[in-house]
$ cat structure-v8.txt   # compact mmCIF, C-alpha atoms
# COMPACT_ATOMS: atom_id res chain seq x y z
CA MET A 1 -7.38 -1.96 -10.04
CA ALA A 2 -6.89 1.09 -12.27
CA TYR A 3 -5.04 4.00 -10.67
CA GLN A 4 -4.65 7.60 -11.84
CA PHE A 5 -1.48 8.68 -10.04
CA ILE A 6 0.46 5.44 -9.63
CA GLN A 7 1.15 2.28 -11.60
CA VAL A 8 1.34 -1.20 -10.13
CA GLU A 9 3.08 -4.01 -12.01
CA ARG A 10 3.46 -7.64 -10.96
CA ASP A 11 6.11 -10.05 -12.17
CA GLY A 12 5.99 -13.39 -10.40
CA PRO A 13 6.24 -12.71 -6.65
CA VAL A 14 7.50 -9.15 -7.14
CA THR A 15 5.24 -6.07 -7.18
CA THR A 16 6.58 -2.77 -8.53
CA PHE A 17 4.94 0.47 -7.40
CA ILE A 18 5.59 3.43 -9.71
CA LEU A 19 4.88 6.97 -8.50
CA ASN A 20 3.37 8.36 -11.68
CA ARG A 21 3.23 12.16 -11.59
CA PRO A 22 6.35 13.00 -13.61
CA GLU A 23 5.01 16.44 -14.57
CA VAL A 24 5.52 17.49 -10.92
CA LEU A 25 8.61 15.33 -10.28
CA ASN A 26 6.35 12.65 -8.77
CA ALA A 27 5.37 14.91 -5.89
CA LEU A 28 2.40 13.47 -4.03
CA HIS A 29 -0.92 14.95 -3.08
CA SER A 30 -3.86 13.57 -1.13
CA PRO A 31 -5.38 11.43 -3.94
CA ALA A 32 -1.99 9.83 -4.61
CA HIS A 33 -1.53 8.99 -0.93
CA PHE A 34 -4.85 7.17 -0.86
CA GLU A 35 -4.10 5.27 -4.07
CA LEU A 36 -0.80 4.11 -2.58
CA HIS A 37 -2.57 3.16 0.64
CA GLU A 38 -4.89 0.87 -1.33
CA ALA A 39 -2.04 -0.55 -3.41
CA PHE A 40 0.10 -1.39 -0.37
CA ASP A 41 -2.93 -2.89 1.38
CA ALA A 42 -3.47 -5.16 -1.63
CA PHE A 43 0.23 -6.10 -1.70
CA ALA A 44 0.23 -6.95 2.00
CA ALA A 45 -2.86 -9.14 1.63
CA ASP A 46 -1.77 -10.99 -1.54
CA PRO A 47 -0.15 -14.34 -0.62
CA GLU A 48 1.44 -14.55 -4.09
CA GLN A 49 3.36 -11.28 -3.72
CA TRP A 50 6.53 -11.53 -1.62
CA VAL A 51 8.73 -8.50 -2.44
CA GLY A 52 7.98 -4.90 -3.46
CA ILE A 53 9.96 -2.32 -5.45
CA VAL A 54 9.08 1.40 -5.23
CA THR A 55 10.29 3.81 -7.90
CA GLY A 56 9.32 6.98 -9.75
CA ALA A 57 8.14 7.51 -13.32
CA GLY A 58 10.60 9.16 -15.70
CA ASP A 59 14.30 9.72 -15.20
CA ARG A 60 14.28 13.00 -13.23
CA ALA A 61 12.70 12.09 -9.92
CA PHE A 62 11.92 9.36 -7.47
CA SER A 63 9.69 11.85 -5.70
CA ALA A 64 10.00 15.54 -4.87
CA GLY A 65 7.90 14.85 -1.78
CA ASN A 66 4.83 16.82 -0.82
CA ASP A 67 3.11 18.65 -3.69
CA LEU A 68 3.55 22.17 -2.33
CA LYS A 69 1.75 23.83 -5.24
CA HIS A 70 -1.28 21.64 -4.57
CA GLN A 71 -1.07 22.61 -0.89
CA ALA A 72 -0.59 26.31 -1.63
CA GLY A 73 -3.58 26.25 -3.97
CA GLY A 74 -5.83 25.04 -1.17
CA GLY A 75 -5.87 21.42 -2.28
CA GLU A 76 -7.04 18.78 0.13
CA MET A 77 -4.26 17.66 2.48
CA LYS A 78 -5.78 14.51 3.97
CA SER A 79 -3.64 11.40 4.27
CA PRO A 80 -4.49 7.79 5.12
CA PRO A 81 -3.61 6.22 8.50
CA SER A 82 -0.66 4.52 6.76
CA GLY A 83 0.94 7.94 6.32
CA PHE A 84 2.74 9.71 3.49
CA ALA A 85 2.57 7.60 0.31
CA GLY A 86 0.50 5.06 2.22
CA LEU A 87 3.79 3.85 3.66
CA THR A 88 5.61 6.03 6.20
CA SER A 89 3.28 5.06 9.09
CA ARG A 90 2.71 1.48 7.91
CA PHE A 91 4.48 -0.36 10.71
CA ASP A 92 2.93 -3.82 10.24
CA LEU A 93 4.20 -4.60 6.72
CA THR A 94 6.59 -7.53 7.06
CA LYS A 95 7.08 -8.03 3.32
CA PRO A 96 10.35 -6.39 2.21
CA LEU A 97 10.42 -3.23 0.10
CA ILE A 98 13.22 -1.97 -2.15
CA ALA A 99 13.42 1.71 -3.10
CA ALA A 100 14.82 2.19 -6.62
CA VAL A 101 15.73 5.88 -6.52
CA ASN A 102 16.09 7.25 -10.04
CA GLY A 103 16.45 11.00 -9.43
CA VAL A 104 15.60 13.54 -6.75
CA ALA A 105 14.31 12.12 -3.47
CA MET A 106 13.43 15.25 -1.54
CA GLY A 107 11.48 15.64 1.69
CA GLY A 108 8.66 13.14 1.61
CA GLY A 109 10.36 11.40 -1.30
CA PHE A 110 13.39 10.71 0.88
CA GLU A 111 11.04 9.63 3.66
CA ILE A 112 9.48 7.06 1.31
CA ALA A 113 12.95 5.66 0.55
CA LEU A 114 13.82 5.56 4.26
CA ALA A 115 10.59 3.63 4.93
CA CYS A 116 11.82 0.91 2.55
CA ASP A 117 14.22 -1.79 3.72
CA ILE A 118 16.80 -1.54 0.93
CA VAL A 119 17.75 1.53 -1.14
CA ILE A 120 19.24 1.18 -4.62
CA ALA A 121 20.20 4.55 -6.09
CA SER A 122 21.05 5.78 -9.55
CA GLU A 123 24.22 7.84 -9.83
CA ALA A 124 21.85 10.69 -10.72
CA ALA A 125 19.93 10.41 -7.42
CA THR A 126 20.03 13.13 -4.79
CA PHE A 127 18.58 13.05 -1.28
CA ALA A 128 17.56 15.78 1.16
CA LEU A 129 15.17 16.75 3.92
CA PRO A 130 14.72 20.40 2.90
CA GLU A 131 11.42 21.04 4.70
CA PRO A 132 12.81 23.86 6.91
CA ARG A 133 13.51 25.85 3.72
CA VAL A 134 9.75 26.16 3.24
CA GLY A 135 8.69 26.41 6.88
CA LEU A 136 7.93 22.71 7.34
CA ALA A 137 9.58 19.74 9.08
CA ALA A 138 10.19 16.13 7.97
CA LEU A 139 7.50 14.72 10.25
CA ALA A 140 6.61 11.74 8.01
CA GLY A 141 9.36 9.68 9.59
CA GLY A 142 12.47 11.37 8.24
CA LEU A 143 13.44 12.96 11.55
CA HIS A 144 13.29 9.55 13.21
CA ARG A 145 14.34 7.04 10.55
CA LEU A 146 17.42 8.93 9.35
CA PRO A 147 19.14 9.06 12.79
CA ARG A 148 18.37 5.37 13.27
CA ALA A 149 19.88 4.59 9.87
CA ILE A 150 23.09 6.65 9.98
CA GLY A 151 23.53 7.91 13.55
CA THR A 152 22.47 11.14 15.22
CA LYS A 153 25.37 13.43 14.29
CA ARG A 154 25.39 12.49 10.61
CA ALA A 155 21.62 12.80 10.46
CA MET A 156 21.61 16.19 12.16
CA GLY A 157 24.17 17.39 9.64
CA MET A 158 21.58 16.77 6.93
CA ILE A 159 18.45 17.71 8.86
CA LEU A 160 19.64 21.06 10.25
CA THR A 161 21.06 22.27 6.94
CA GLY A 162 18.62 20.77 4.45
CA ARG A 163 21.62 20.03 2.23
CA ARG A 164 21.52 17.71 -0.75
CA VAL A 165 23.41 14.43 -0.62
CA SER A 166 24.52 12.47 -3.68
CA ALA A 167 23.95 8.76 -4.13
CA ALA A 168 27.65 8.12 -3.52
CA GLU A 169 27.61 10.06 -0.26
CA GLY A 170 24.37 8.32 0.71
CA LYS A 171 26.19 4.99 0.39
CA GLU A 172 29.08 6.31 2.43
CA LEU A 173 26.70 7.57 5.12
CA GLY A 174 24.93 4.22 5.14
CA PHE A 175 21.36 4.78 3.93
CA VAL A 176 22.05 3.59 0.35
CA ASN A 177 22.86 -0.09 -0.26
CA GLU A 178 24.10 0.14 -3.86
CA VAL A 179 24.74 2.83 -6.47
CA THR A 180 24.19 2.03 -10.15
CA ALA A 181 24.35 3.70 -13.54
CA PRO A 182 20.93 5.20 -14.35
CA GLN A 183 20.24 2.63 -17.08
CA ASP A 184 20.99 -0.23 -14.68
CA LEU A 185 18.81 0.92 -11.79
CA MET A 186 15.71 -1.22 -12.32
CA ARG A 187 17.72 -4.25 -13.40
CA THR A 188 19.73 -4.01 -10.19
CA ALA A 189 16.61 -3.53 -8.04
CA ARG A 190 15.03 -6.59 -9.67
CA GLU A 191 18.21 -8.59 -9.01
CA TRP A 192 17.96 -7.71 -5.32
CA ALA A 193 14.26 -8.64 -5.37
CA ALA A 194 15.08 -11.96 -7.04
CA MET A 195 17.69 -12.75 -4.37
CA ILE A 196 15.09 -12.12 -1.68
CA ALA A 197 12.44 -14.15 -3.53
CA GLU A 198 14.76 -17.18 -3.57
CA LEU A 199 14.42 -17.37 0.22
CA SER A 200 11.53 -18.50 2.36
CA PRO A 201 9.11 -15.55 2.47
CA MET A 202 8.10 -16.63 5.95
CA SER A 203 11.73 -16.44 7.09
CA VAL A 204 12.21 -13.07 5.41
CA ARG A 205 9.13 -11.61 7.08
CA ALA A 206 10.13 -12.99 10.47
CA SER A 207 13.62 -11.55 10.03
CA LYS A 208 12.36 -8.10 9.04
CA GLU A 209 9.94 -7.95 11.93
CA ALA A 210 12.51 -9.17 14.45
CA VAL A 211 15.04 -6.53 13.35
CA TYR A 212 12.69 -3.56 13.54
CA ARG A 213 10.80 -4.58 16.65
CA GLY A 214 14.03 -5.66 18.32
CA LEU A 215 15.51 -2.20 17.79
CA ASP A 216 12.60 -0.78 19.77
CA GLU A 217 13.22 -3.08 22.75
CA ALA A 218 14.94 -1.68 25.83
CA SER A 219 17.99 -3.95 25.52
CA LEU A 220 19.57 -6.69 23.44
CA GLU A 221 18.49 -9.20 26.08
CA ALA A 222 14.88 -8.01 25.86
CA ALA A 223 14.96 -8.26 22.07
CA ILE A 224 16.25 -11.82 22.08
CA ARG A 225 13.93 -12.96 24.85
CA GLY A 226 10.90 -11.30 23.27
CA GLN A 227 11.32 -12.17 19.60
CA ASN A 228 9.33 -15.41 19.69
CA ARG A 229 6.18 -13.48 20.51
CA TYR A 230 6.41 -11.32 17.39
CA PRO A 231 3.59 -12.35 15.00
CA ALA A 232 5.75 -13.05 11.93
CA VAL A 233 8.23 -15.06 14.00
CA ALA A 234 5.43 -17.11 15.56
CA ALA A 235 3.94 -17.64 12.07
CA LEU A 236 7.29 -18.91 10.79
CA PHE A 237 7.39 -21.70 13.39
CA LYS A 238 3.89 -22.84 12.36
CA SER A 239 4.48 -22.59 8.60
CA GLU A 240 4.93 -25.14 5.83
CA ASP A 241 8.17 -23.36 4.92
CA PHE A 242 9.58 -24.18 8.38
CA VAL A 243 9.23 -27.86 7.49
CA GLU A 244 10.13 -27.56 3.80
CA GLY A 245 13.48 -25.84 4.28
CA PRO A 246 15.23 -28.53 6.35
CA ARG A 247 13.55 -31.27 4.30
CA ALA A 248 14.82 -29.81 1.00
CA PHE A 249 18.30 -29.40 2.48
CA SER A 250 18.42 -33.02 3.63
CA GLN A 251 17.16 -34.20 0.23
CA LYS A 252 19.71 -32.00 -1.59
CA ARG A 253 17.10 -30.21 -3.68
CA LYS A 254 15.81 -26.67 -4.14
CA PRO A 255 13.08 -25.84 -1.63
CA GLU A 256 9.55 -25.17 -2.85
CA TRP A 257 8.46 -22.25 -0.73
CA LYS A 258 4.75 -21.72 -0.08
CA GLY A 259 4.86 -18.51 1.88
CA ARG A 260 2.52 -19.97 4.44
$ encode --input "structure-v8.txt" --output "structure tokens"
Amino acid sequence: MAYQFIQVERDGPVTTFILNRPEVLNALHSPAHFELHEAFDAFAADPEQWVGIVTGAGDRAFSAGNDLKHQAGGGEMKSPPSGFAGLTSRFDLTKPLIAAVNGVAMGGGFEIALACDIVIASEAATFALPEPRVGLAALAGGLHRLPRAIGTKRAMGMILTGRRVSAAEGKELGFVNEVTAPQDLMRTAREWAAMIAELSPMSVRASKEAVYRGLDEASLEAAIRGQNRYPAVAALFKSEDFVEGPRAFSQKRKPEWKGR
């Protein structure tokens, strides 16, 4: 499908989503949200696509978040049920996502990165939730995902000041997995995607779902006792991959994953 505000590229089992509004630092408006909603829907439904990478066009920005000029000019502010960027309220996506952050990730841009499972950041990347500076609040998940990722006190230190955090500090705080030179960002993100794609996609999806849903359980005991009822975990036990993995191991060969 042709898109106006994003690009979607596929390479084997990896889909790359590019936020493509560099003239406004990849800030997003209503039409972009709906394009991303459709693109992530297609990714979720495609059995051949196992891992996603999200990045921004150009070398200045991952995303500056909400397009405030569009909002101030009376532009439509509708968003899909999947939330900001078609992602921040998408709680049923079990396929893993990698954020490749190539510049500023402000407000909603940071919230997009936090909604991904792994964050790879260029040395030039900066992160912030500066919404209170313009009379807003990071209600697209930032106020909830950041404390879960780095702890309440560290998160409040960012949230209540709106301060900017470098990629290096982001790694120290714990929301960045790896920092790279700008020219190595996409290569590094693809290396992470390739490592994930070597594994059973059914196992990866079950693992992702068990982690996130388990964190919402009342206790560790409840998480362990309840995990077999999670859909992706139940699907793993019924899958061809569940048989193929042990068989390939016993035959001392590389497994041929089907993702089903």
$ residues_around --input "structure-v8.txt" --residues "Ala155 of chain A" --least-positions-apart "5" --cutoff "7 Å" --atoms "only C-alpha atoms" --output "ChimeraX atom specification"
/A:146-147,150
$ closest_residue --input "structure-v8.txt" --among "A:Pro255, A:Leu93, A:Pro132, A:Gly52" --to "Leu199 of chain A" --atoms "only C-alpha atoms"
A:Pro255
$ atom_distance --input "structure-v8.txt" --atom1 "atom CA of Phe62 of chain A" --atom2 "atom CA of Gly103 of chain A"
5.2 Å
$ atom_distance --input "structure-v8.txt" --atom1 "atom CA of Gln49 of chain A" --atom2 "atom CA of Pro96 of chain A"
10.4 Å
$ residues_near_point --input "structure-v8.txt" --point "(18.7, 18.7, 6.5)" --cutoff "8 Å" --atoms "only C-alpha atoms" --output "list in words"
Ala128, Leu129, Pro130, Glu131, Pro132, Ala155, Met156, Gly157, Met158, Ile159, Leu160, Thr161, Gly162, Arg163 and Arg164 of chain A
$ atom_distance --input "structure-v8.txt" --atom1 "atom CA of Ile120 of chain A" --atom2 "atom CA of Trp192 of chain A"
9.0 Å
$ closest_atom_pairs --input "structure-v8.txt" --of "segment 97-177 of chain A" --to "segment 215-237 of chain A" --cutoff "12 Å" --atoms "all atoms listed in the file" --output "Markdown table"
| residue | atom | partner | partner_atom | distance |
| --- | --- | --- | --- | --- |
| A:Arg145 | CA | A:Leu215 | CA | 11.8 |
| A:Arg148 | CA | A:Leu215 | CA | 9.3 |
| A:Ala149 | CA | A:Leu215 | CA | 11.3 |
$ residues_around --input "structure-v8.txt" --residues "segment 29-45 of chain A" --least-positions-apart "6" --cutoff "8 Å" --atoms "only C-alpha atoms" --output "PyMOL selection string"
chain A and resi 3+5-6+8+15+66-67+70-71+76-80+82-87+93+95
$ closest_residue --input "structure-v8.txt" --among "A:Asn26, A:Thr88, A:Thr94, A:Thr16" --to "Ser207 of chain A" --atoms "only C-alpha atoms"
A:Thr94
